[in-house]
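A.B. asks: File input.cif follows (mmCIF, C-alpha atoms and all ligand atoms):
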data_final
loop_
_atom_site.label_atom_id
_atom_site.label_comp_id
_atom_site.auth_asym_id
_atom_site.auth_seq_id
_atom_site.Cartn_x
_atom_site.Cartn_y
_atom_site.Cartn_z
CA MET I 1 -1.74 -4.69 1.13
CA THR I 2 -3.75 -3.32 -1.77
CA PHE I 3 -4.86 -6.79 -2.79
CA MET I 4 -6.94 -5.43 -5.69
CA ARG I 5 -3.83 -4.09 -7.42
CA MET I 6 -2.11 -7.49 -7.42
CA PRO I 7 -4.18 -9.36 -10.03
CA LEU I 8 -1.60 -12.06 -10.79
CA MET I 9 -1.32 -13.54 -7.31
CA GLY I 10 -3.57 -16.55 -6.85
CA LEU I 11 -4.29 -18.60 -3.74
CA PRO I 12 -0.92 -20.46 -3.74
CA GLU I 13 1.01 -17.17 -3.97
CA TRP I 14 -1.14 -15.55 -1.29
CA LYS I 15 -0.71 -18.52 1.04
CA GLU I 16 3.02 -18.14 0.63
CA ALA I 17 2.67 -14.41 1.28
CA VAL I 18 0.86 -15.25 4.53
CA ASP I 19 3.73 -17.61 5.40
CA CYS I 20 6.09 -14.67 4.87
CA LEU I 21 3.99 -12.42 7.12
CA GLN I 22 4.07 -15.08 9.80
CA GLU I 23 7.85 -15.40 9.45
CA ASP I 24 8.01 -11.65 9.99
CA GLY I 25 6.00 -11.78 13.20
CA SER I 26 2.87 -10.12 11.80
CA ASN I 27 -0.41 -10.83 13.56
CA VAL I 28 -2.72 -8.79 11.36
CA VAL I 29 -2.95 -8.06 7.66
CA ILE I 30 -5.23 -5.60 5.91
CA LEU I 31 -6.28 -6.91 2.50
CA TRP I 32 -7.81 -4.26 0.30
CA THR I 33 -10.64 -6.23 -1.26
CA GLY I 34 -12.70 -3.38 -2.71
CA GLY I 35 -12.71 -3.88 -6.49
CA ALA I 36 -11.26 -7.38 -6.21
CA PHE I 37 -14.21 -9.68 -5.54
CA ALA I 38 -16.92 -10.66 -8.00
CA SER I 39 -19.80 -8.71 -6.46
CA LYS I 40 -23.07 -10.21 -7.68
CA ARG I 41 -25.06 -7.06 -7.02
CA PHE I 42 -22.63 -4.66 -8.66
CA PRO I 43 -20.61 -6.39 -11.40
CA ILE I 44 -19.47 -3.01 -12.67
CA THR I 45 -17.23 -2.74 -9.57
CA TRP I 46 -14.90 -5.48 -10.81
CA ASP I 47 -15.35 -5.29 -14.55
CA TYR I 48 -12.07 -3.32 -14.78
CA ASN I 49 -10.34 -6.07 -12.79
CA ARG I 50 -11.51 -9.17 -14.65
CA GLU I 51 -8.04 -10.66 -14.77
CA HIS I 52 -7.71 -10.59 -10.96
CA LYS I 53 -7.35 -14.15 -9.72
CA ASN I 54 -9.79 -13.56 -6.87
CA VAL I 55 -12.39 -12.16 -9.24
CA LYS I 56 -12.02 -15.36 -11.24
CA HIS I 57 -11.74 -17.91 -8.43
CA ASP I 58 -12.92 -16.21 -5.23
CA PHE I 59 -10.34 -17.61 -2.84
CA VAL I 60 -10.19 -14.93 -0.14
CA ARG I 61 -12.46 -16.84 2.24
CA GLU I 62 -10.08 -19.79 2.07
CA LEU I 63 -7.10 -17.46 2.40
CA ILE I 64 -8.57 -15.95 5.56
CA ASN I 65 -8.97 -19.44 7.04
CA TYR I 66 -5.34 -20.13 6.15
CA ALA I 67 -4.23 -16.89 7.81
CA HIS I 68 -6.17 -17.84 10.94
CA GLU I 69 -4.26 -21.13 11.11
CA LYS I 70 -1.12 -18.98 11.14
CA LYS I 71 -2.56 -16.77 13.92
CA ILE I 72 -2.92 -13.80 11.59
CA ARG I 73 -6.10 -11.76 11.63
CA VAL I 74 -7.43 -10.35 8.36
CA LEU I 75 -9.18 -7.01 7.92
CA LEU I 76 -10.91 -6.05 4.69
CA GLY I 77 -10.03 -2.63 3.31
CA PHE I 78 -12.01 -0.20 1.15
CA THR I 79 -12.81 3.51 0.82
CA PRO I 80 -16.36 4.88 1.17
CA PHE I 81 -17.59 6.77 -1.90
CA GLY I 82 -14.29 6.48 -3.72
CA TYR I 83 -11.37 4.47 -4.95
CA ASP I 84 -11.11 0.93 -6.19
CA GLY I 85 -14.35 -0.76 -7.15
CA VAL I 86 -16.57 1.94 -5.69
CA ASN I 87 -15.55 4.60 -8.21
CA GLN I 88 -16.77 2.34 -11.05
CA TYR I 89 -20.39 2.75 -9.95
CA ALA I 90 -20.44 6.19 -11.57
CA ILE I 91 -19.98 4.53 -14.97
CA GLU I 92 -23.54 3.26 -14.67
CA HIS I 93 -24.75 6.17 -12.55
CA PRO I 94 -23.04 9.34 -13.76
CA GLU I 95 -25.63 11.42 -11.88
CA LEU I 96 -23.98 10.30 -8.61
CA LYS I 97 -20.55 11.70 -9.43
CA ALA I 98 -18.99 13.94 -6.78
CA ARG I 99 -18.99 17.63 -7.72
CA LYS I 100 -16.34 20.30 -7.75
CA ALA I 101 -16.98 23.64 -6.04
CA ASP I 102 -18.24 25.04 -9.37
CA GLY I 103 -20.88 22.29 -9.56
CA LYS I 104 -19.26 20.35 -12.41
CA PRO I 105 -18.53 16.63 -11.90
CA VAL I 106 -15.06 15.80 -10.56
CA ASP I 107 -12.52 14.50 -13.04
CA SER I 108 -11.89 10.80 -13.35
CA PHE I 109 -8.91 9.68 -11.33
CA GLY I 110 -7.50 6.67 -9.56
CA ILE I 111 -4.65 4.24 -9.28
CA HIS I 112 -5.23 1.18 -11.48
CA CYS I 113 -9.00 1.63 -11.03
CA TRP I 114 -9.97 4.87 -12.78
CA GLY I 115 -13.37 6.32 -12.07
CA TRP I 116 -15.22 9.00 -10.14
CA SER I 117 -15.83 9.54 -6.44
CA LEU I 118 -19.51 9.56 -5.48
CA CYS I 119 -21.53 12.30 -3.81
CA PRO I 120 -22.48 10.96 -0.35
CA SER I 121 -25.38 13.39 0.00
CA GLN I 122 -27.32 11.40 -2.58
CA LYS I 123 -29.34 8.55 -1.16
CA ALA I 124 -28.55 6.29 -4.10
CA SER I 125 -24.81 6.64 -3.35
CA ARG I 126 -25.35 5.80 0.31
CA ASP I 127 -27.52 2.78 -0.52
CA PHE I 128 -24.93 1.50 -2.96
CA MET I 129 -22.10 1.99 -0.50
CA LEU I 130 -23.87 0.10 2.28
CA GLU I 131 -24.94 -2.76 0.05
CA TYR I 132 -21.49 -3.11 -1.48
CA ALA I 133 -19.74 -3.16 1.90
CA ARG I 134 -22.30 -5.57 3.34
CA GLU I 135 -21.94 -7.92 0.42
CA MET I 136 -18.15 -7.95 0.82
CA ALA I 137 -18.07 -8.29 4.59
CA PHE I 138 -21.14 -10.43 5.35
CA GLU I 139 -21.77 -12.49 2.23
CA PHE I 140 -18.38 -13.00 0.61
CA TYR I 141 -15.97 -12.92 3.57
CA PRO I 142 -17.85 -13.29 6.88
CA ASN I 143 -14.80 -15.02 8.36
CA ALA I 144 -12.73 -11.81 8.17
CA ASP I 145 -11.85 -10.18 11.48
CA GLY I 146 -13.13 -6.74 10.62
CA LEU I 147 -12.71 -3.74 8.35
CA LEU I 148 -10.34 -0.95 7.57
CA ILE I 149 -12.41 1.96 6.31
CA GLU I 150 -10.05 4.38 4.62
CA SER I 151 -11.41 7.86 4.59
CA SER I 152 -11.62 9.60 1.22
CA ASP I 153 -8.86 12.07 0.66
CA TYR I 154 -8.84 13.22 -2.96
CA ASN I 155 -11.70 14.53 -5.06
CA VAL I 156 -14.21 14.63 -2.23
CA CYS I 157 -17.58 16.11 -3.12
CA ARG I 158 -18.04 19.86 -2.78
CA CYS I 159 -21.62 20.13 -3.95
CA ALA I 160 -23.92 22.50 -2.05
CA GLU I 161 -25.07 19.74 0.30
CA CYS I 162 -21.65 18.18 0.94
CA LYS I 163 -19.62 21.36 1.00
CA GLU I 164 -19.15 21.87 4.76
CA HIS I 165 -20.45 18.45 5.70
CA PHE I 166 -18.61 15.94 3.54
CA TYR I 167 -17.10 14.00 6.44
CA GLU I 168 -20.37 14.02 8.34
CA ARG I 169 -22.00 12.32 5.35
CA GLU I 170 -19.15 9.86 5.12
CA PHE I 171 -19.32 9.31 8.87
CA GLU I 172 -22.98 8.28 8.71
CA PHE I 173 -21.89 5.39 6.53
CA VAL I 174 -18.95 4.54 8.80
CA ARG I 175 -21.24 4.55 11.85
CA GLN I 176 -23.85 2.35 10.19
CA ILE I 177 -21.52 -0.30 8.78
CA SER I 178 -19.54 -0.43 12.05
CA ASN I 179 -22.74 -1.14 13.99
CA GLU I 180 -23.66 -3.90 11.59
CA VAL I 181 -20.21 -5.49 11.86
CA TRP I 182 -20.35 -5.46 15.67
CA GLU I 183 -23.87 -6.86 15.70
CA ARG I 184 -22.50 -9.93 13.96
CA LYS I 185 -19.16 -10.11 15.71
CA ALA I 186 -18.80 -8.16 18.93
CA ASP I 187 -15.01 -8.32 18.99
CA ALA I 188 -14.49 -7.37 15.33
CA THR I 189 -11.85 -4.75 14.63
CA VAL I 190 -13.05 -1.70 12.74
CA VAL I 191 -10.26 0.68 11.87
CA VAL I 192 -11.21 4.27 11.12
CA PHE I 193 -9.43 7.57 10.48
CA PRO I 194 -9.38 10.24 13.20
CA HIS I 195 -10.78 13.22 11.35
CA TYR I 196 -14.44 12.41 11.87
CA PHE I 197 -13.86 13.16 15.53
CA SER I 198 -11.02 15.62 15.83
CA GLY I 199 -12.67 18.61 14.19
CA LYS I 200 -9.28 19.43 12.71
CA LYS I 201 -8.51 20.28 9.11
CA VAL I 202 -7.79 17.20 7.04
CA ASN I 203 -4.45 16.71 5.37
CA GLN I 204 -2.64 19.87 6.41
CA GLY I 205 -0.68 21.45 3.63
CA SER I 206 -2.41 19.61 0.82
CA ASP I 207 -5.15 20.84 -1.47
CA ILE I 208 -7.82 19.05 0.50
CA GLU I 209 -10.18 21.64 1.83
CA ALA I 210 -12.76 19.43 3.46
CA LYS I 211 -13.11 20.11 7.13
CA ALA I 212 -12.98 17.27 9.58
CA ALA I 213 -16.19 16.51 11.43
CA SER I 214 -16.68 16.51 15.22
CA GLN I 215 -18.61 13.32 15.81
CA PRO I 216 -18.96 11.27 18.98
CA PHE I 217 -16.31 8.57 19.26
CA ASP I 218 -17.27 4.94 19.91
CA PRO I 219 -14.54 3.32 22.03
CA ARG I 220 -14.88 0.10 20.03
CA TRP I 221 -13.13 1.72 17.09
CA THR I 222 -9.45 1.27 16.32
CA LEU I 223 -7.71 4.38 15.00
CA VAL I 224 -5.14 4.59 12.25
CA PHE I 225 -2.66 7.43 12.04
CA THR I 226 -0.59 8.20 8.97
CA PRO I 227 2.13 10.77 8.33
CA HIS I 228 0.35 12.26 5.28
CA SER I 229 -3.26 12.67 6.34
CA ALA I 230 -3.88 11.82 9.99
CA GLN I 231 -1.75 13.40 12.69
CA ILE I 232 -1.55 11.60 16.02
CA ASP I 233 -4.13 12.95 18.44
CA GLY I 234 -3.42 12.05 22.07
CA ASP I 235 -6.87 12.84 23.48
CA LEU I 236 -8.64 10.76 20.91
CA LEU I 237 -6.12 7.98 21.26
CA LYS I 238 -7.02 7.49 24.92
CA GLN I 239 -10.61 6.71 23.98
CA ALA I 240 -9.85 4.11 21.32
CA ARG I 241 -9.90 0.37 21.81
CA SER I 242 -6.70 0.13 19.82
CA SER I 243 -4.56 2.09 17.39
CA ILE I 244 -2.14 1.56 14.55
CA TYR I 245 0.50 3.60 12.82
CA TRP I 246 1.04 3.43 9.08
CA ASN I 247 3.84 4.52 6.82
CA GLU I 248 5.07 3.50 3.40
CA GLY I 249 8.43 2.15 4.62
CA PRO I 250 8.41 -1.41 3.24
CA SER I 251 7.21 -0.23 -0.17
CA ARG I 252 9.35 2.82 -0.71
CA GLY I 253 11.99 3.11 1.98
CA THR I 254 14.83 1.22 3.62
CA PRO I 255 14.90 -0.88 6.80
CA TRP I 256 15.38 2.40 8.67
CA SER I 257 11.98 3.59 7.49
CA MET I 258 10.52 0.73 9.50
CA LYS I 259 12.64 1.78 12.45
CA ASP I 260 11.14 5.29 12.18
CA GLY I 261 7.61 3.88 11.91
CA ALA I 262 7.98 1.47 14.81
CA LYS I 263 9.62 4.15 16.98
CA THR I 264 6.81 6.59 16.25
CA ALA I 265 4.21 3.96 17.14
CA LYS I 266 6.02 3.25 20.39
CA ARG I 267 6.60 6.90 21.32
CA TYR I 268 2.89 7.71 21.08
CA GLY I 269 1.79 4.49 22.72
CA LEU I 270 0.06 3.12 19.62
CA ALA I 271 -0.71 -0.59 19.76
CA GLY I 272 0.68 -1.57 16.40
CA TYR I 273 2.63 -0.70 13.30
CA VAL I 274 0.95 -1.67 10.02
CA PRO I 275 2.95 -0.27 7.11
CA SER I 276 2.13 -0.76 3.45
CA LEU I 277 3.65 -3.54 1.40
CA GLU I 278 2.55 -3.04 -2.19
CA PRO I 279 3.80 -5.41 -4.88
CA TRP I 280 1.56 -4.15 -7.67
CA SER I 281 1.23 -6.15 -10.88
CA TYR I 282 -1.62 -4.53 -12.80
CA VAL I 283 -1.59 -3.23 -16.37
CA VAL I 284 -1.45 0.57 -16.37
CA THR I 285 -4.32 2.03 -18.42
CA HIS I 286 -3.86 5.77 -17.74
CA GLU I 287 -0.78 7.82 -17.06
CA GLU I 288 -0.17 7.59 -13.31
CA PHE I 289 2.37 9.51 -11.19
CA GLY I 290 3.62 11.18 -14.38
CA GLU I 291 5.18 7.94 -15.67
CA SER I 292 3.89 7.99 -19.22
CA GLN I 293 6.38 5.32 -20.27
CA LEU I 294 4.34 2.71 -18.36
CA THR I 295 0.96 3.28 -19.98
CA GLY I 296 -0.22 0.00 -21.51
CA LYS I 297 2.41 -2.02 -19.65
CA ARG I 298 2.17 -4.47 -16.78
CA LEU I 299 3.85 -3.39 -13.56
CA LYS I 300 6.48 -5.53 -11.91
CA PRO I 301 6.06 -5.73 -8.13
CA PHE I 302 7.99 -2.82 -6.54
CA GLY I 303 9.33 -2.12 -10.04
CA LEU I 304 11.69 -5.09 -9.69
CA ASN I 305 11.97 -5.74 -13.41
CA TRP I 306 13.91 -8.95 -12.97
CA LEU I 307 10.88 -10.75 -11.47
CA ARG I 308 8.87 -13.06 -13.71
CA ASP I 309 5.18 -12.18 -14.16
CA GLY I 310 3.21 -13.94 -11.44
CA GLU I 311 6.27 -14.78 -9.33
CA MET I 312 5.61 -14.42 -5.59
CA PRO I 313 7.49 -11.18 -4.92
CA LEU I 314 8.02 -11.35 -1.16
CA ARG I 315 10.97 -13.74 -1.44
CA ASP I 316 13.00 -11.49 -3.68
CA LEU I 317 16.33 -10.68 -2.02
CA LEU I 318 15.71 -6.94 -1.63
CA VAL I 319 12.16 -7.44 -0.36
CA ARG I 320 13.55 -9.86 2.22
CA VAL I 321 15.88 -7.10 3.43
CA GLN I 322 12.81 -4.88 3.90
CA ARG I 323 10.98 -7.68 5.65
CA ALA I 324 13.93 -8.14 7.99
CA GLY I 325 13.73 -4.42 8.78
CA TYR I 326 10.04 -4.70 9.54
CA ARG I 327 10.49 -7.82 11.64
CA GLU I 328 13.43 -6.64 13.73
CA PHE I 329 12.38 -3.02 14.29
CA ALA I 330 8.71 -3.84 14.90
CA ARG I 331 9.87 -6.29 17.55
CA ASN I 332 12.34 -3.83 19.02
CA PRO I 333 12.11 -0.22 17.79
CA ASP I 334 15.20 0.65 19.84
CA LEU I 335 17.38 -1.99 18.21
CA LYS I 336 20.81 -0.48 17.59
CA ASP I 337 21.87 -0.17 13.97
CA GLU I 338 25.00 -2.30 14.46
CA GLU I 339 22.88 -5.01 16.05
CA PHE I 340 20.50 -4.92 13.08
CA ARG I 341 23.47 -5.26 10.72
CA ARG I 342 24.74 -8.22 12.74
CA LYS I 343 21.32 -9.90 12.46
CA LEU I 344 21.29 -9.27 8.72
CA ALA I 345 24.76 -10.79 8.42
CA VAL I 346 23.67 -14.00 10.15
CA GLU I 347 20.37 -14.25 8.26
CA PHE I 348 21.71 -13.55 4.79
CA PHE I 349 25.31 -14.70 4.85
CA GLY I 350 25.60 -17.14 7.73
CA SER I 351 28.18 -16.91 10.43
CA GLU I 352 31.08 -16.32 8.02
CA ALA I 353 29.69 -12.96 6.86
CA LYS I 354 32.12 -10.25 5.88
CA VAL I 355 31.23 -6.71 6.90
CA GLY I 356 31.49 -5.56 3.29
CA SER I 357 28.84 -8.04 2.15
CA VAL I 358 26.19 -6.64 4.50
CA GLU I 359 27.03 -3.11 3.35
CA ASP I 360 26.78 -4.18 -0.30
CA LEU I 361 23.38 -5.76 0.36
CA LEU I 362 22.08 -2.64 2.12
CA PHE I 363 23.48 -0.48 -0.67
CA LEU I 364 21.63 -2.50 -3.31
CA GLN I 365 18.35 -2.34 -1.40
CA ARG I 366 18.70 1.41 -0.85
CA THR I 367 19.67 2.06 -4.45
CA VAL I 368 16.69 0.19 -5.88
CA PHE I 369 14.01 1.39 -3.42
CA GLU I 370 14.97 4.96 -2.60
CA GLY I 371 13.38 7.48 -4.91
CA ARG I 372 11.08 4.88 -6.40
CA SER I 373 7.53 5.82 -7.29
CA TRP I 374 4.63 3.53 -6.42
CA LEU I 375 5.00 2.06 -9.92
CA SER I 376 8.70 1.82 -10.70
CA ALA I 377 11.95 1.08 -8.90
CA SER I 378 14.56 3.83 -8.63
CA PRO I 379 15.11 5.38 -12.07
CA LEU I 380 18.59 3.88 -11.88
CA VAL I 381 17.02 0.49 -12.65
CA GLU I 382 15.52 1.69 -15.94
CA PRO I 383 17.56 4.07 -18.15
CA GLY I 384 14.46 5.11 -20.14
CA LEU I 385 12.72 6.31 -17.00
CA PHE I 386 15.96 7.88 -15.81
CA GLN I 387 16.24 10.03 -18.92
CA LEU I 388 12.57 10.98 -18.80
CA LYS I 389 12.77 12.07 -15.16
CA ALA I 390 16.15 13.77 -15.44
CA ALA I 391 14.89 15.93 -18.31
CA ARG I 392 11.45 16.67 -16.86
CA GLU I 393 12.64 17.44 -13.34
CA LYS I 394 15.80 19.17 -14.58
CA TRP I 395 18.14 17.23 -12.30
CA ASP I 396 21.23 19.22 -11.44
CA ALA I 397 24.84 18.08 -11.83
CA GLN I 398 25.11 17.06 -8.18
CA ARG I 399 22.15 14.73 -8.44
CA LEU I 400 23.44 13.20 -11.65
CA ARG I 401 26.86 12.68 -10.07
CA GLY I 402 25.21 10.85 -7.18
CA TYR I 403 23.47 8.46 -9.56
CA LYS I 404 26.64 8.02 -11.58
CA LYS I 405 28.52 6.98 -8.44
CA ARG I 406 25.77 4.52 -7.58
CA LEU I 407 25.86 3.01 -11.05
CA GLU I 408 29.63 2.58 -10.75
CA ALA I 409 29.16 0.85 -7.40
CA ILE I 410 26.56 -1.49 -8.93
CA ARG I 411 29.03 -2.43 -11.67
CA GLU I 412 31.62 -3.14 -8.98
CA ILE I 413 29.20 -5.45 -7.16
CA GLU I 414 28.56 -7.28 -10.43
CA THR I 415 32.28 -7.96 -10.81
CA LYS I 416 33.06 -8.55 -7.15
CA TYR I 417 30.53 -11.38 -6.73
CA GLN I 418 31.12 -13.01 -10.11
CA GLY I 419 31.45 -16.75 -9.44
CA ALA I 420 30.53 -16.39 -5.74
CA SER I 421 29.15 -19.56 -4.14
CA GLY I 422 26.85 -18.18 -1.40
CA LYS I 423 23.13 -17.92 -2.19
CA THR I 424 22.82 -14.25 -1.21
CA GLU I 425 26.04 -13.31 -3.01
CA LYS I 426 24.68 -14.94 -6.19
CA GLU I 427 21.40 -13.06 -5.90
CA MET I 428 23.23 -9.77 -5.33
CA GLN I 429 25.40 -10.44 -8.35
CA ALA I 430 22.35 -11.24 -10.50
CA ILE I 431 20.55 -8.01 -9.53
CA ALA I 432 23.68 -5.91 -10.12
CA ALA I 433 24.23 -7.65 -13.47
CA PHE I 434 20.61 -7.00 -14.47
CA ILE I 435 20.88 -3.26 -13.79
CA SER I 436 24.32 -3.01 -15.30
CA ALA I 437 23.12 -4.75 -18.50
CA ARG I 438 20.32 -2.18 -18.86
CA TRP I 439 22.99 0.54 -18.89
CA LYS I 440 25.27 -1.27 -21.32
CA GLY I 441 26.68 1.25 -23.78
CA LYS I 442 24.98 4.10 -21.88
CA GLU I 443 26.42 6.53 -19.38
CA ILE I 444 24.96 9.09 -17.05
CA ALA I 445 25.86 12.51 -18.38
CA ARG I 446 27.33 14.84 -15.80
ZN ZN N 501 -22.16 16.03 -2.75
#
When written as structure tokens, how does the structure in this file appear?
Ligand SMILES: [Zn+2]
C.D. replies:
Amino acid sequence: MTFMRMPLMGLPEWKEAVDCLQEDGSNVVILWTGGAFASKRFPITWDYNREHKNVKHDFVRELINYAHEKKIRVLLGFTPFGYDGVNQYAIEHPELKARKADGKPVDSFGIHCWGWSLCPSQKASRDFMLEYAREMAFEFYPNADGLLIESSDYNVCRCAECKEHFYEREFEFVRQISNEVWERKADATVVVFPHYFSGKKVNQGSDIEAKAASQPFDPRWTLVFTPHSAQIDGDLLKQARSSIYWNEGPSRGTPWSMKDGAKTAKRYGLAGYVPSLEPWSYVVTHEEFGESQLTGKRLKPFGLNWLRDGEMPLRDLLVRVQRAGYREFARNPDLKDEEFRRKLAVEFFGSEAKVGSVEDLLFLQRTVFEGRSWLSASPLVEPGLFQLKAAREKWDAQRLRGYKKRLEAIREIETKYQGASGKTEKEMQAIAAFISARWKGKEIAR
């Protein structure tokens, strides 16, 4: 969970989120705390995130204790030399900016936290990185159970010194901070990416040119594999203390995305499945993911525009469908689809469930989450975004017809459950009515 991009959730909301994770059978959560704690040494790292409740009230230590009561372990996430919090350091130290191949500084970029990656060949960058990570892990949150160190992927430094050795430079940091964590807590979990060790090209098919490094592997590390940047490596896997698989299923897919993720984890013998659940609520300051209509606006978690600002998002009906997918398929990746539907029926509608109700619920979830960006729900939820995307991406008639059919089905759900008495039916009706009202007087052109 990219904690730093959820500024409106305070301790009460996060405790409830931990309750939800426990209900779903989770035993570990990664909280991305880079950029979201009030570092005393480097206030510039959170200046952009002043409204974040943890920057204001520093509750993560208490939250970790709460999670421990619920038998959930908490890892702190951050990226060396880049991303949230870290990339702000270049505001005060522009001389440390990562360089492009032509020697010019990289462009500013980010999600929520816009800044510049740092050049790891410079000692001042390495000193900053170590001190920042130490402050977070040892001074602010020493009760955490370890770290997730996400490797840099975009805008890595290509200066003369880093060029062929970027991941070796990054690895020196990873090695050092891992040692320091284990000195304090021998059984701490430190999750790292495989490309320091594999010697294979990073992020096949993307524009990332940095070569992976071939470093010795410490069997105390836990490995994380992801579909987009870290292919599963069987030889390396055998050496690791533990391993997790990640995908974006709960944030951007359907319950079947969690089935895919859990099955992949099982097939390769990985120990766990830790997908991303990202209810972002920050104010967008730069155009991100091409969604210019959101600049200057506050995001609704998962783009669910019917949520109130600050409302705990994990109990929304459609998020609960995703959570059910995570819970059931993580527990049993081979669960048959009809059995999953039966479980949904009992959980959401009680024993009297009609088959059509479960299908309507799954349809709503799919319609709102499929094709969503990290910022917005499906364009079907917001006609303004729909028109913007349809024009820019030149959607063809077939695609438009598909959306038109979905919009018609949403209007049918609005009517069908009008005056329904069941809790889930009422929530379904309210969501359908919300979307339908946004399209009042508008139609999808064929
Ligand atoms: Zn460099």
A.B. asks: Using all atoms listed in the file for the distances, tell me which of I:Lys123, I:Arg438, I:Arg342, I:Arg50 is nearest to ligand ZN 501 (chain N).
C.D. replies: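 Smallest distance to ligand ZN 501 (chain N) is found for I:Lys123.
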A.B. asks: Give the answer as one residue: which of I:Gly441, I:Gly350, I:Gly356, I:Gly296 has the shortest atom-to-atom distance to I:Lys423, using only C-alpha atoms?
C.D. replies: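 Selected residue with least distance to I:Lys423: I:Gly350.
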A.B. asks: Which residues form the shell of 12 Å around ligand ZN 501 (chain N) when you count all atoms listed in the file, given as an mmCIF file with C-alpha atoms, in the coordinates of the input?
C.D. replies:
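The resulting file, out-v1.cif, is shown below:
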data_model
loop_
_atom_site.group_PDB
_atom_site.id
_atom_site.type_symbol
_atom_site.label_atom_id
_atom_site.label_comp_id
_atom_site.auth_asym_id
_atom_site.auth_seq_id
_atom_site.Cartn_x
_atom_site.Cartn_y
_atom_site.Cartn_z
ATOM 1 C CA PHE I 81 -17.590 6.770 -1.900
ATOM 2 C CA GLU I 95 -25.630 11.420 -11.880
ATOM 3 C CA LEU I 96 -23.980 10.300 -8.610
ATOM 4 C CA LYS I 97 -20.550 11.700 -9.430
ATOM 5 C CA ALA I 98 -18.990 13.940 -6.780
ATOM 6 C CA ARG I 99 -18.990 17.630 -7.720
ATOM 7 C CA LYS I 100 -16.340 20.300 -7.750
ATOM 8 C CA ALA I 101 -16.980 23.640 -6.040
ATOM 9 C CA ASP I 102 -18.240 25.040 -9.370
ATOM 10 C CA GLY I 103 -20.880 22.290 -9.560
ATOM 11 C CA LYS I 104 -19.260 20.350 -12.410
ATOM 12 C CA PRO I 105 -18.530 16.630 -11.900
ATOM 13 C CA VAL I 106 -15.060 15.800 -10.560
ATOM 14 C CA SER I 117 -15.830 9.540 -6.440
ATOM 15 C CA LEU I 118 -19.510 9.560 -5.480
ATOM 16 C CA CYS I 119 -21.530 12.300 -3.810
ATOM 17 C CA PRO I 120 -22.480 10.960 -0.350
ATOM 18 C CA SER I 121 -25.380 13.390 0.000
ATOM 19 C CA GLN I 122 -27.320 11.400 -2.580
ATOM 20 C CA LYS I 123 -29.340 8.550 -1.160
ATOM 21 C CA ALA I 124 -28.550 6.290 -4.100
ATOM 22 C CA SER I 125 -24.810 6.640 -3.350
ATOM 23 C CA ARG I 126 -25.350 5.800 0.310
ATOM 24 C CA ASN I 155 -11.700 14.530 -5.060
ATOM 25 C CA VAL I 156 -14.210 14.630 -2.230
ATOM 26 C CA CYS I 157 -17.580 16.110 -3.120
ATOM 27 C CA ARG I 158 -18.040 19.860 -2.780
ATOM 28 C CA CYS I 159 -21.620 20.130 -3.950
ATOM 29 C CA ALA I 160 -23.920 22.500 -2.050
ATOM 30 C CA GLU I 161 -25.070 19.740 0.300
ATOM 31 C CA CYS I 162 -21.650 18.180 0.940
ATOM 32 C CA LYS I 163 -19.620 21.360 1.000
ATOM 33 C CA GLU I 164 -19.150 21.870 4.760
ATOM 34 C CA HIS I 165 -20.450 18.450 5.700
ATOM 35 C CA PHE I 166 -18.610 15.940 3.540
ATOM 36 C CA TYR I 167 -17.100 14.000 6.440
ATOM 37 C CA GLU I 168 -20.370 14.020 8.340
ATOM 38 C CA ARG I 169 -22.000 12.320 5.350
ATOM 39 C CA GLU I 170 -19.150 9.860 5.120
ATOM 40 C CA ALA I 210 -12.760 19.430 3.460
#
A.B. asks: Pick from I:Leu318, I:Met136, I:Leu31, I:Ile149: nearest to I:Gly82, with all atoms listed in the file counted?
C.D. replies: I:Ile149
A.B. asks: What's around stretch 326-328 of chain I at 7 Å? Count all atoms listed in the file, leave out sequence neighbours fewer than 5 positions away in its own chain, and write the answer as a ChimeraX atom specification.
C.D. replies: /I:24-25,255,258
A.B. asks: With only C-alpha atoms as the counted atoms, please give the residues lying no more than 10 Å from stretch 309-316 of chain I, apart from itself and same-chain residues fewer than 4 positions off, as a CSV table (one decimal) with C-alpha atoms, in the coordinates of the input.
C.D. replies:
chain,number,residue,atom,x,y,z
I,6,MET,CA,-2.1,-7.5,-7.4
I,7,PRO,CA,-4.2,-9.4,-10.0
I,8,LEU,CA,-1.6,-12.1,-10.8
I,9,MET,CA,-1.3,-13.5,-7.3
I,10,GLY,CA,-3.6,-16.6,-6.8
I,12,PRO,CA,-0.9,-20.5,-3.7
I,13,GLU,CA,1.0,-17.2,-4.0
I,14,TRP,CA,-1.1,-15.6,-1.3
I,16,GLU,CA,3.0,-18.1,0.6
I,17,ALA,CA,2.7,-14.4,1.3
I,18,VAL,CA,0.9,-15.2,4.5
I,20,CYS,CA,6.1,-14.7,4.9
I,21,LEU,CA,4.0,-12.4,7.1
I,277,LEU,CA,3.6,-3.5,1.4
I,278,GLU,CA,2.6,-3.0,-2.2
I,279,PRO,CA,3.8,-5.4,-4.9
I,280,TRP,CA,1.6,-4.2,-7.7
I,281,SER,CA,1.2,-6.2,-10.9
I,298,ARG,CA,2.2,-4.5,-16.8
I,299,LEU,CA,3.8,-3.4,-13.6
I,300,LYS,CA,6.5,-5.5,-11.9
I,301,PRO,CA,6.1,-5.7,-8.1
I,302,PHE,CA,8.0,-2.8,-6.5
I,304,LEU,CA,11.7,-5.1,-9.7
I,305,ASN,CA,12.0,-5.7,-13.4
I,320,ARG,CA,13.6,-9.9,2.2
I,321,VAL,CA,15.9,-7.1,3.4
I,322,GLN,CA,12.8,-4.9,3.9
I,323,ARG,CA,11.0,-7.7,5.6
I,427,GLU,CA,21.4,-13.1,-5.9
